[in-house]
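Listing of query_22.cif; format and content: mmCIF, C-alpha atoms.
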```
data_protein
loop_
_atom_site.label_atom_id
_atom_site.label_comp_id
_atom_site.auth_asym_id
_atom_site.auth_seq_id
_atom_site.Cartn_x
_atom_site.Cartn_y
_atom_site.Cartn_z
CA MET A 999 -0.04 20.24 -20.89
CA LYS A 1000 0.12 23.99 -21.40
CA LEU A 1001 3.13 25.55 -19.69
CA GLU A 1002 0.95 28.38 -18.40
CA LEU A 1003 -1.27 25.91 -16.52
CA MET A 1004 1.77 24.09 -15.14
CA ASP A 1005 3.22 27.39 -13.92
CA THR A 1006 -0.09 28.21 -12.24
CA ALA A 1007 -0.12 24.81 -10.53
CA LYS A 1008 3.40 25.38 -9.23
CA SER A 1009 2.43 28.79 -7.79
CA VAL A 1010 -0.71 27.41 -6.13
CA VAL A 1011 1.18 24.48 -4.62
CA ARG A 1012 3.79 26.82 -3.17
CA ARG A 1013 1.06 29.00 -1.68
CA HIS A 1014 -0.40 26.05 0.23
CA LEU A 1015 2.98 24.51 1.10
CA PRO A 1016 3.22 26.00 4.64
CA ASP A 1017 -0.06 24.31 5.61
CA ALA A 1018 1.19 20.98 4.24
CA VAL A 1019 4.51 21.27 6.09
CA GLU A 1020 2.60 22.07 9.28
CA LEU A 1021 0.43 18.97 8.73
CA SER A 1022 3.48 16.76 8.11
CA ASP A 1023 5.16 18.05 11.27
CA ALA A 1024 1.98 17.55 13.32
CA LEU A 1025 1.70 13.92 12.17
CA TYR A 1026 5.40 13.43 12.97
CA GLN A 1027 4.94 14.84 16.47
CA THR A 1028 1.91 12.67 17.29
CA PRO A 1029 2.35 9.37 15.42
CA GLU A 1030 -0.69 7.09 15.62
CA LEU A 1031 -0.66 3.36 14.91
CA ALA A 1032 -2.90 1.52 12.47
CA TYR A 1033 -6.61 1.59 13.37
CA CYS A 1034 -5.99 4.38 15.94
CA GLU A 1035 -5.28 7.41 13.71
CA ILE A 1036 -7.97 9.54 15.36
CA ALA A 1037 -6.20 12.90 15.69
CA SER A 1038 -4.46 12.48 12.33
CA SER A 1039 -7.62 11.78 10.35
CA LYS A 1040 -9.54 14.54 12.16
CA ARG A 1041 -6.87 17.11 11.36
CA ILE A 1042 -6.85 16.20 7.67
CA THR A 1043 -10.63 16.20 7.31
CA GLU A 1044 -10.84 19.63 8.94
CA MET A 1045 -8.39 20.98 6.35
CA LEU A 1046 -10.42 19.50 3.50
CA CYS A 1047 -13.71 20.83 4.87
CA LYS A 1048 -12.19 24.29 5.07
CA ALA A 1049 -11.10 23.98 1.41
CA GLY A 1050 -14.67 23.27 0.26
CA PHE A 1051 -14.75 19.47 0.14
CA GLU A 1052 -17.80 17.53 1.27
CA VAL A 1053 -16.43 15.06 3.80
CA GLU A 1054 -17.79 11.69 4.92
CA TYR A 1055 -16.07 10.84 8.20
CA PRO A 1056 -15.89 8.17 9.43
CA PHE A 1057 -16.12 6.31 6.13
CA LEU A 1058 -16.92 2.58 5.79
CA GLU A 1059 -16.67 2.22 9.55
CA LYS A 1060 -18.76 -0.97 9.64
CA GLU A 1061 -16.87 -2.64 6.80
CA LEU A 1062 -13.41 -1.69 8.11
CA GLY A 1063 -14.12 -2.21 11.80
CA TYR A 1064 -12.65 1.15 12.80
CA GLY A 1065 -13.51 4.80 12.25
CA THR A 1066 -10.39 6.56 10.98
CA ALA A 1067 -11.03 6.43 7.22
CA PHE A 1068 -12.64 9.29 5.32
CA ARG A 1069 -13.85 10.23 1.85
CA ALA A 1070 -13.93 13.84 0.70
CA VAL A 1071 -15.30 15.00 -2.65
CA LEU A 1072 -15.22 18.20 -4.65
CA GLN A 1073 -17.98 17.98 -7.28
CA ASN A 1074 -16.88 20.28 -10.07
CA GLY A 1075 -19.17 19.74 -13.05
CA GLU A 1076 -19.34 16.99 -15.63
CA GLY A 1077 -16.09 15.16 -16.21
CA PRO A 1078 -13.88 12.28 -15.06
CA ALA A 1079 -13.73 11.16 -11.43
CA ALA A 1080 -10.27 10.78 -9.90
CA ALA A 1081 -9.00 10.02 -6.40
CA LEU A 1082 -6.03 11.11 -4.32
CA MET A 1083 -5.16 8.53 -1.65
CA VAL A 1084 -3.87 9.67 1.76
CA GLU A 1085 -1.89 7.54 4.24
CA TYR A 1086 -1.26 8.59 7.86
CA ASP A 1087 -0.62 5.59 10.13
CA ALA A 1088 2.73 5.16 11.89
CA LEU A 1089 4.92 2.22 12.91
CA PRO A 1090 5.21 0.88 16.47
CA GLY A 1091 8.38 2.02 18.20
CA ILE A 1092 9.54 4.01 15.17
CA GLY A 1093 6.90 6.61 14.39
CA HIS A 1094 6.65 7.69 10.76
CA GLY A 1095 9.56 5.58 9.52
CA CYS A 1096 7.68 4.91 6.29
CA GLY A 1097 7.15 8.62 5.63
CA HIS A 1098 3.35 8.60 5.81
CA ASN A 1099 3.40 11.97 7.56
CA LEU A 1100 5.18 13.49 4.55
CA HIS A 1101 3.52 11.79 1.63
CA GLY A 1102 0.13 11.90 3.32
CA ALA A 1103 0.58 15.67 3.54
CA LEU A 1104 1.71 15.60 -0.10
CA SER A 1105 -1.65 14.17 -1.22
CA VAL A 1106 -3.47 16.76 0.88
CA LEU A 1107 -1.35 19.53 -0.66
CA ALA A 1108 -2.31 18.36 -4.15
CA ALA A 1109 -5.97 18.29 -3.09
CA LEU A 1110 -5.85 21.84 -1.72
CA SER A 1111 -4.14 23.04 -4.89
CA LEU A 1112 -6.68 21.40 -7.19
CA ALA A 1113 -9.53 22.84 -5.13
CA GLU A 1114 -8.15 26.34 -5.65
CA MET A 1115 -7.76 25.62 -9.39
CA LYS A 1116 -11.31 24.31 -9.87
CA GLU A 1117 -11.92 26.89 -12.61
CA GLN A 1118 -9.27 25.07 -14.66
CA PHE A 1119 -11.02 21.69 -14.92
CA GLN A 1120 -14.32 19.84 -14.73
CA GLY A 1121 -14.89 16.56 -12.93
CA SER A 1122 -15.06 15.02 -9.48
CA LEU A 1123 -12.05 15.11 -7.19
CA TYR A 1124 -12.05 12.55 -4.39
CA VAL A 1125 -9.63 12.47 -1.47
CA ILE A 1126 -9.67 9.07 0.22
CA GLY A 1127 -8.19 8.66 3.69
CA THR A 1128 -6.70 5.16 3.75
CA PRO A 1129 -5.56 4.18 7.27
CA ALA A 1130 -3.81 1.03 8.51
CA GLU A 1131 -1.51 0.62 5.51
CA GLU A 1132 1.05 -0.96 7.82
CA GLU A 1133 -1.44 -3.62 8.89
CA ASN A 1134 -4.51 -4.84 6.98
CA GLY A 1135 -4.53 -1.94 4.56
CA ALA A 1136 -7.84 -0.05 4.31
CA LYS A 1137 -7.41 0.15 0.53
CA VAL A 1138 -8.02 -3.61 0.30
CA THR A 1139 -11.50 -3.37 1.81
CA MET A 1140 -12.19 -0.12 -0.02
CA ALA A 1141 -11.34 -1.75 -3.34
CA ASP A 1142 -13.58 -4.72 -2.49
CA CYS A 1143 -16.42 -2.29 -1.67
CA GLY A 1144 -16.13 -0.60 -5.07
CA VAL A 1145 -14.83 2.74 -3.79
CA PHE A 1146 -12.49 3.12 -6.78
CA ASP A 1147 -14.68 1.54 -9.46
CA GLY A 1148 -15.16 3.80 -12.47
CA MET A 1149 -12.37 6.20 -11.48
CA ALA A 1150 -10.24 7.59 -14.30
CA LEU A 1151 -7.28 7.68 -11.91
CA ALA A 1152 -6.30 6.83 -8.34
CA ALA A 1153 -2.89 8.08 -7.22
CA MET A 1154 -0.56 8.90 -4.36
CA MET A 1155 3.19 9.33 -3.98
CA HIS A 1156 5.33 7.40 -1.55
CA SER A 1157 8.37 8.71 0.30
CA TRP A 1158 11.72 7.39 -0.94
CA SER A 1159 15.37 8.37 -0.80
CA GLY A 1160 18.61 8.12 -2.71
CA GLY A 1161 18.30 11.10 -5.05
CA ALA A 1162 16.31 9.49 -7.88
CA SER A 1163 12.53 9.42 -7.93
CA GLN A 1164 10.54 6.81 -9.84
CA ALA A 1165 7.41 7.13 -11.94
CA ASN A 1166 5.78 4.11 -10.29
CA MET A 1167 6.33 1.45 -7.64
CA ASP A 1168 5.82 -2.18 -8.60
CA VAL A 1169 4.57 -4.55 -5.90
CA LEU A 1170 3.98 -8.26 -5.31
CA SER A 1171 0.83 -10.12 -4.34
CA LEU A 1172 0.88 -11.24 -0.71
CA ARG A 1173 -1.01 -13.84 1.30
CA CYS A 1174 -0.52 -14.54 4.99
CA TYR A 1175 -1.62 -17.54 7.06
CA VAL A 1176 -1.45 -18.54 10.67
CA VAL A 1177 -0.88 -22.29 10.34
CA GLU A 1178 -1.62 -24.34 13.46
CA PHE A 1179 -0.72 -27.98 14.07
CA PHE A 1180 -2.48 -30.08 16.72
CA GLY A 1181 -1.08 -33.31 18.16
CA ALA A 1182 -1.11 -34.99 21.57
CA GLN A 1183 0.85 -34.32 24.77
CA ALA A 1184 3.02 -36.93 26.43
CA HIS A 1185 6.01 -37.09 28.75
CA ALA A 1186 9.03 -36.62 26.48
CA VAL A 1187 11.07 -39.32 28.31
CA ALA A 1188 8.68 -41.56 30.23
CA ALA A 1189 6.20 -42.18 27.41
CA PRO A 1190 6.99 -40.26 24.22
CA TRP A 1191 5.28 -42.97 22.15
CA LYS A 1192 1.96 -41.77 23.49
CA GLY A 1193 2.47 -38.32 22.03
CA ARG A 1194 2.12 -36.77 18.57
CA SER A 1195 4.46 -33.82 18.21
CA ALA A 1196 2.83 -30.72 16.72
CA LEU A 1197 6.26 -29.09 16.74
CA ALA A 1198 7.74 -31.89 14.64
CA ALA A 1199 4.88 -31.42 12.14
CA ALA A 1200 5.50 -27.66 12.03
CA ARG A 1201 9.23 -28.18 11.47
CA LYS A 1202 8.57 -30.73 8.74
CA PHE A 1203 6.18 -28.26 7.10
CA LEU A 1204 8.97 -25.67 6.90
CA ASP A 1205 11.34 -28.36 5.61
CA LEU A 1206 8.91 -29.23 2.82
CA ILE A 1207 8.58 -25.55 1.86
CA ASP A 1208 12.37 -25.34 1.68
CA ALA A 1209 12.45 -28.48 -0.48
CA ARG A 1210 10.15 -26.76 -2.99
CA ARG A 1211 12.23 -23.58 -3.23
CA GLU A 1212 14.59 -24.84 -5.97
CA CYS A 1213 11.59 -25.08 -8.30
CA PHE A 1214 10.17 -21.62 -7.52
CA THR A 1215 10.24 -18.82 -10.08
CA PRO A 1216 12.42 -15.84 -9.00
CA ASP A 1217 9.44 -13.71 -7.97
CA ILE A 1218 8.23 -16.21 -5.34
CA HIS A 1219 9.10 -15.53 -1.71
CA VAL A 1220 7.96 -17.64 1.28
CA ASN A 1221 8.84 -16.54 4.81
CA GLY A 1222 7.67 -17.98 8.10
CA VAL A 1223 8.28 -17.81 11.84
CA ILE A 1224 7.34 -20.22 14.64
CA LEU A 1225 5.10 -18.37 17.10
CA ASP A 1226 4.49 -21.34 19.40
CA GLY A 1227 6.45 -24.57 19.57
CA GLY A 1228 5.56 -25.92 22.99
CA LYS A 1229 5.91 -24.94 26.63
CA ALA A 1230 8.67 -27.19 28.01
CA PRO A 1231 11.23 -29.58 26.51
CA ASN A 1232 10.04 -32.50 28.66
CA ILE A 1233 6.54 -32.35 27.14
CA ILE A 1234 5.73 -33.52 23.63
CA PRO A 1235 4.05 -30.37 22.20
CA ASP A 1236 0.40 -30.83 21.29
CA HIS A 1237 0.20 -27.43 19.59
CA ALA A 1238 2.48 -25.40 17.30
CA THR A 1239 1.83 -22.19 15.38
CA ILE A 1240 3.57 -20.77 12.33
CA ARG A 1241 2.89 -17.41 10.73
CA LEU A 1242 3.67 -17.68 7.04
CA GLU A 1243 3.73 -15.07 4.27
CA PHE A 1244 4.15 -15.80 0.59
CA ARG A 1245 4.40 -13.46 -2.38
CA THR A 1246 4.30 -13.70 -6.17
CA ASP A 1247 4.14 -11.30 -9.11
CA SER A 1248 0.53 -12.16 -10.01
CA ARG A 1249 -2.73 -13.08 -8.35
CA GLY A 1250 -2.93 -16.24 -10.46
CA LYS A 1251 0.44 -17.52 -9.27
CA LEU A 1252 -0.58 -16.64 -5.72
CA GLU A 1253 -3.36 -19.22 -5.96
CA GLU A 1254 -0.96 -21.81 -7.38
CA LEU A 1255 1.48 -21.18 -4.53
CA ASP A 1256 -1.39 -21.43 -2.04
CA THR A 1257 -1.99 -24.99 -3.26
CA ILE A 1258 1.69 -25.85 -2.75
CA VAL A 1259 1.73 -24.40 0.77
CA ARG A 1260 -1.37 -26.36 1.75
CA LYS A 1261 0.07 -29.59 0.29
CA CYS A 1262 3.25 -29.13 2.35
CA ALA A 1263 1.27 -28.47 5.54
CA ASN A 1264 -1.17 -31.32 5.00
CA GLY A 1265 1.70 -33.69 4.11
CA ALA A 1266 3.57 -32.81 7.28
CA ALA A 1267 0.42 -33.25 9.37
CA LEU A 1268 -0.31 -36.61 7.75
CA ALA A 1269 3.22 -37.89 8.33
CA LEU A 1270 3.21 -36.90 12.02
CA ASP A 1271 -0.40 -37.95 12.77
CA CYS A 1272 -1.41 -34.35 13.50
CA ASP A 1273 -4.21 -32.06 12.39
CA VAL A 1274 -3.63 -28.68 10.73
CA THR A 1275 -5.71 -25.50 10.28
CA PHE A 1276 -5.22 -22.33 8.25
CA THR A 1277 -6.38 -18.91 9.45
CA PRO A 1278 -5.82 -15.75 7.36
CA GLY A 1279 -3.27 -13.50 9.05
CA LEU A 1280 -3.90 -10.52 6.77
CA LEU A 1281 -6.16 -9.60 3.91
CA ASP A 1282 -4.64 -10.47 0.53
CA PHE A 1283 -2.52 -7.72 -1.04
CA TRP A 1284 -2.41 -7.81 -4.84
CA ASP A 1285 0.33 -7.05 -7.32
CA MET A 1286 0.39 -3.83 -9.36
CA VAL A 1287 -1.41 -3.37 -12.66
CA ARG A 1288 0.98 -0.96 -14.38
CA VAL A 1289 -0.38 1.49 -16.95
CA ALA A 1290 2.29 2.61 -19.41
CA PRO A 1291 0.79 5.99 -20.46
CA LEU A 1292 0.40 6.95 -16.81
CA GLU A 1293 4.01 6.06 -16.05
CA GLN A 1294 5.27 7.98 -19.09
CA ALA A 1295 3.27 11.09 -18.22
CA THR A 1296 4.37 10.92 -14.59
CA ALA A 1297 8.03 10.56 -15.59
CA GLU A 1298 7.74 13.63 -17.81
CA LEU A 1299 6.07 15.64 -15.04
CA LEU A 1300 8.77 14.60 -12.55
CA GLN A 1301 11.43 15.75 -14.99
CA ALA A 1302 9.58 19.03 -15.54
CA ALA A 1303 9.67 19.50 -11.74
CA GLU A 1304 13.48 19.07 -11.94
CA GLU A 1305 13.44 15.62 -10.36
CA THR A 1306 16.02 13.00 -11.34
CA VAL A 1307 13.97 10.04 -12.57
CA GLY A 1308 15.07 6.41 -12.40
CA ALA A 1309 13.39 3.38 -13.94
CA PRO A 1310 10.89 1.54 -11.70
CA LEU A 1311 12.70 -1.13 -9.69
CA PRO A 1312 11.68 -4.81 -9.61
CA ALA A 1313 8.97 -5.52 -7.07
CA THR A 1314 10.35 -6.49 -3.68
CA GLY A 1315 7.47 -5.63 -1.35
CA SER A 1316 3.69 -5.42 -1.18
CA SER A 1317 1.17 -2.62 -0.85
CA ASP A 1318 -2.60 -2.28 -0.66
CA VAL A 1319 -2.31 0.13 -3.60
CA GLY A 1320 -2.02 -3.03 -5.72
CA ASN A 1321 -5.64 -3.92 -4.90
CA VAL A 1322 -6.76 -0.48 -6.09
CA SER A 1323 -4.83 -0.97 -9.34
CA TYR A 1324 -7.15 -3.84 -10.35
CA ARG A 1325 -10.16 -1.50 -10.05
CA CYS A 1326 -9.04 1.59 -11.98
CA PRO A 1327 -5.91 3.14 -13.52
CA THR A 1328 -3.59 3.58 -10.54
CA ILE A 1329 -0.11 4.90 -9.95
CA GLN A 1330 2.16 5.29 -6.92
CA PRO A 1331 5.34 7.19 -7.82
CA LEU A 1332 8.27 7.31 -5.44
CA ILE A 1333 9.49 10.80 -4.49
CA SER A 1334 13.06 11.07 -3.22
CA ILE A 1335 13.12 13.13 -0.02
CA ASN A 1336 16.86 12.81 0.64
CA HIS A 1337 19.93 12.35 -1.57
CA LYS A 1338 21.31 9.81 0.90
CA PRO A 1339 19.92 6.25 0.57
CA ILE A 1340 17.87 5.60 3.70
CA ALA A 1341 16.01 2.38 4.42
CA LEU A 1342 12.27 2.60 4.97
CA HIS A 1343 10.84 1.59 8.37
CA THR A 1344 13.75 3.13 10.27
CA THR A 1345 14.08 6.01 12.71
CA GLU A 1346 16.52 7.58 10.24
CA MET A 1347 13.78 7.80 7.61
CA CYS A 1348 11.41 9.19 10.21
CA GLU A 1349 13.84 12.01 10.99
CA ALA A 1350 14.55 12.63 7.29
CA THR A 1351 10.92 13.62 6.70
CA ARG A 1352 11.61 16.90 8.53
CA ASP A 1353 14.69 17.92 6.55
CA PRO A 1354 14.51 20.94 4.21
CA GLN A 1355 15.16 18.51 1.33
CA ALA A 1356 12.03 16.60 2.29
CA GLN A 1357 9.89 19.73 2.42
CA GLU A 1358 11.08 20.70 -1.04
CA ALA A 1359 10.29 17.17 -2.28
CA LEU A 1360 6.83 17.51 -0.75
CA ALA A 1361 6.21 20.60 -2.91
CA ARG A 1362 7.60 19.06 -6.10
CA GLY A 1363 5.65 15.85 -5.61
CA ALA A 1364 2.39 17.73 -5.06
CA GLU A 1365 3.12 19.75 -8.17
CA VAL A 1366 3.48 16.52 -10.17
CA LEU A 1367 0.24 15.02 -8.82
CA THR A 1368 -1.66 18.28 -9.38
CA ASN A 1369 -0.55 18.41 -13.02
CA LEU A 1370 -1.26 14.71 -13.55
CA PHE A 1371 -4.84 15.17 -12.33
CA LEU A 1372 -5.30 18.27 -14.50
CA LYS A 1373 -4.12 16.21 -17.47
CA ILE A 1374 -6.67 13.49 -16.69
CA TYR A 1375 -9.47 16.05 -16.36
CA ASN A 1376 -8.59 18.16 -19.40
CA ASP A 1377 -7.02 15.80 -21.96
CA ALA A 1378 -9.75 13.42 -23.17
CA GLU A 1379 -7.39 11.65 -25.57
CA PHE A 1380 -4.88 10.95 -22.80
CA CYS A 1381 -7.65 9.81 -20.47
CA GLY A 1382 -8.85 7.37 -23.13
CA GLU A 1383 -5.33 6.02 -23.70
CA VAL A 1384 -4.94 5.45 -19.97
CA GLU A 1385 -8.25 3.58 -19.74
CA GLN A 1386 -7.44 1.40 -22.75
CA SER A 1387 -3.96 0.58 -21.46
CA PHE A 1388 -5.43 -0.25 -18.05
CA ARG A 1389 -7.92 -2.72 -19.55
CA GLU A 1390 -5.21 -4.38 -21.64
CA ALA A 1391 -2.87 -4.65 -18.63
CA CYS A 1392 -5.65 -6.22 -16.55
CA GLY A 1393 -6.24 -8.76 -19.33
CA ARG A 1394 -2.55 -9.71 -19.34
CA LYS A 1395 -2.58 -10.08 -15.57
CA GLN A 1396 -5.52 -12.47 -15.74
CA GLN A 1397 -3.58 -14.67 -18.18
CA SER A 1398 -0.44 -14.82 -16.05
#
```

Show how you would write the structure in this file as structure tokens.
Amino acid sequence: MKLELMDTAKSVVRRHLPDAVELSDALYQTPELAYCEIASSKRITEMLCKAGFEVEYPFLEKELGYGTAFRAVLQNGEGPAAALMVEYDALPGIGHGCGHNLHGALSVLAALSLAEMKEQFQGSLYVIGTPAEEENGAKVTMADCGVFDGMALAAMMHSWSGGASQANMDVLSLRCYVVEFFGAQAHAVAAPWKGRSALAAARKFLDLIDARRECFTPDIHVNGVILDGGKAPNIIPDHATIRLEFRTDSRGKLEELDTIVRKCANGAALALDCDVTFTPGLLDFWDMVRVAPLEQATAELLQAAEETVGAPLPATGSSDVGNVSYRCPTIQPLISINHKPIALHTTEMCEATRDPQAQEALARGAEVLTNLFLKIYNDAEFCGEVEQSFREACGRKQQS
């Protein structure tokens, strides 16, 4: 990219920074849980309307089942379509311990900056409000509904700490079940032979999962908790409930692991003369389709913004951004908001989002996203390389 354009982007971002800091602080002060982000989404849409975006709010209310999502668009001539994703839900008892107040404001700051720079590019700029990331993840349903289909880019940054930012965040596919076992009640001492213990079946199910672990590949993780194991020790339990999550590094392996999980549950039920049912606990989250040219360009832009850049870490968690990445070229860099390593989903991270370091990271991150979008809009060769790499990466994912 031309240095002159990058300098302009930096100046524009800094001009809008006070509004973004005010937004981040407002979200911090009034954290709203998944599905209930009414004030947060309203505040953001009002800012986008004022900046000249056409806003659809609520967006996909019927499909999502709640009204806190939005879609804003700035139609700016013929050219690529690209989307900034905005998160703004908080965590129960913690507030914005995942930094959504900060990196949600970061996406909005990039949007405001690009709107002011509309004379410098042609194309359609979308800003997608994606609530409930901490629960069922609105991006999952949005991806299923085709919201991101045909986009040249979908991007957001995620808050991070430790002093080194990363050009992308890798994630694992995730499936969640509520597994219920049904047996028969009986007095545990007077006539236990008349009972069929649903708890024993649930325990045996977990035992069978553990027995399979030595043959799992390193990316596979299975975690479960017993939600209901009976009401009293002198009654053979006729009902037991387990909530189980399992993750892998590809959608294909997720289906293979699903078969294993069901075999273990059905085997345990068969052995204990019980019945078993499976109910989805969450929508499926998918792994990340990584696009090398996007990561390289993002790393260079982070370095140009004087960020220390580390290599993307192995996937250890899941995100609904993964579902978007199967629909269009997608990236989710990590921006370090504090030199001290701070765990996500903690009150310490929540407080760190208000530090001067975090506000400076907000500006630098928005600068990176603004320049990345300008590169997509203005560099046809780069845009083509990104699309080709995306298609090849999707093909490799389908074979894994």

Can you give me, as a ChimeraX atom specification, the residues this file yields under the PyMOL selection byres ((chain A and resi 1097) around 10)? /A:1022,1026,1085-1089,1093-1096,1098-1103,1156-1158,1335,1342-1344,1347-1352,1356

Would you put the residues from that selection into a file with C-alpha atoms, as a PDB file, in the frame of the given file?
```
ATOM      1  CA  SER A1022       3.480  16.760   8.110  1.00  0.00           C
ATOM      2  CA  TYR A1026       5.400  13.430  12.970  1.00  0.00           C
ATOM      3  CA  GLU A1085      -1.890   7.540   4.240  1.00  0.00           C
ATOM      4  CA  TYR A1086      -1.260   8.590   7.860  1.00  0.00           C
ATOM      5  CA  ASP A1087      -0.620   5.590  10.130  1.00  0.00           C
ATOM      6  CA  ALA A1088       2.730   5.160  11.890  1.00  0.00           C
ATOM      7  CA  LEU A1089       4.920   2.220  12.910  1.00  0.00           C
ATOM      8  CA  GLY A1093       6.900   6.610  14.390  1.00  0.00           C
ATOM      9  CA  HIS A1094       6.650   7.690  10.760  1.00  0.00           C
ATOM     10  CA  GLY A1095       9.560   5.580   9.520  1.00  0.00           C
ATOM     11  CA  CYS A1096       7.680   4.910   6.290  1.00  0.00           C
ATOM     12  CA  HIS A1098       3.350   8.600   5.810  1.00  0.00           C
ATOM     13  CA  ASN A1099       3.400  11.970   7.560  1.00  0.00           C
ATOM     14  CA  LEU A1100       5.180  13.490   4.550  1.00  0.00           C
ATOM     15  CA  HIS A1101       3.520  11.790   1.630  1.00  0.00           C
ATOM     16  CA  GLY A1102       0.130  11.900   3.320  1.00  0.00           C
ATOM     17  CA  ALA A1103       0.580  15.670   3.540  1.00  0.00           C
ATOM     18  CA  HIS A1156       5.330   7.400  -1.550  1.00  0.00           C
ATOM     19  CA  SER A1157       8.370   8.710   0.300  1.00  0.00           C
ATOM     20  CA  TRP A1158      11.720   7.390  -0.940  1.00  0.00           C
ATOM     21  CA  ILE A1335      13.120  13.130  -0.020  1.00  0.00           C
ATOM     22  CA  LEU A1342      12.270   2.600   4.970  1.00  0.00           C
ATOM     23  CA  HIS A1343      10.840   1.590   8.370  1.00  0.00           C
ATOM     24  CA  THR A1344      13.750   3.130  10.270  1.00  0.00           C
ATOM     25  CA  MET A1347      13.780   7.800   7.610  1.00  0.00           C
ATOM     26  CA  CYS A1348      11.410   9.190  10.210  1.00  0.00           C
ATOM     27  CA  GLU A1349      13.840  12.010  10.990  1.00  0.00           C
ATOM     28  CA  ALA A1350      14.550  12.630   7.290  1.00  0.00           C
ATOM     29  CA  THR A1351      10.920  13.620   6.700  1.00  0.00           C
ATOM     30  CA  ARG A1352      11.610  16.900   8.530  1.00  0.00           C
ATOM     31  CA  ALA A1356      12.030  16.600   2.290  1.00  0.00           C
TER      32      ALA A1356
END
```

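Closest to Gly1193 (chain A) among A:His1237, A:Arg1210, A:Lys1261, A:Lys1000 is A:His1237, based on only C-alpha atoms.
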
Using only C-alpha atoms, which of the listed residues (A:Lys1008, A:Gly1091, A:Ala1113, A:Pro1327) sits closest to Lys1048 (chain A)? A:Ala1113

Of A:Asp1147, A:Asp1282, A:Asp1318, A:Asp1273, the one sitting nearest Glu1243 (chain A) when using only C-alpha atoms is A:Asp1282

To one decimal in Å, tell me the separation between CA of Val1084 (chain A) and CA of Leu1360 (chain A). 13.5 Å

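Residue nearest Arg1362 (chain A), chosen from A:Thr1215, A:Val1169, A:Val1106, A:Val1011 and counting only C-alpha atoms: A:Val1011.
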
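The smallest atom-to-atom distance between Phe1244 (chain A) and any of A:Arg1173, A:Lys1060, A:Arg1288, A:Arg1325, using only C-alpha atoms, is found for A:Arg1173.
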
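Counting only C-alpha atoms and comparing A:Ala1152, A:Leu1123, A:Val1177, A:Leu1172, the residue that lies closest to Val1053 (chain A) is A:Leu1123.
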
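Residues matching the PyMOL selection byres ((chain A and resi 1251) around 12) in this structure come to Leu1170, Ser1171, Leu1172, Arg1173, Phe1214, Thr1215, Asp1217, Ile1218, His1219, Phe1244, Arg1245, Thr1246, Asp1247, Ser1248, Arg1249, Gly1250, Leu1252, Glu1253, Glu1254, Leu1255, Asp1256, Thr1257, Ile1258, Trp1284, Asp1285, Lys1395, Gln1396, Gln1397 and Ser1398 of chain A.
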
Hits from the PyMOL selection byres ((chain A and resi 1050) around 10), listed as a VMD selection string: chain A and resid 1045 to 1049 1051 to 1053 1070 to 1073 1110 1113 to 1114
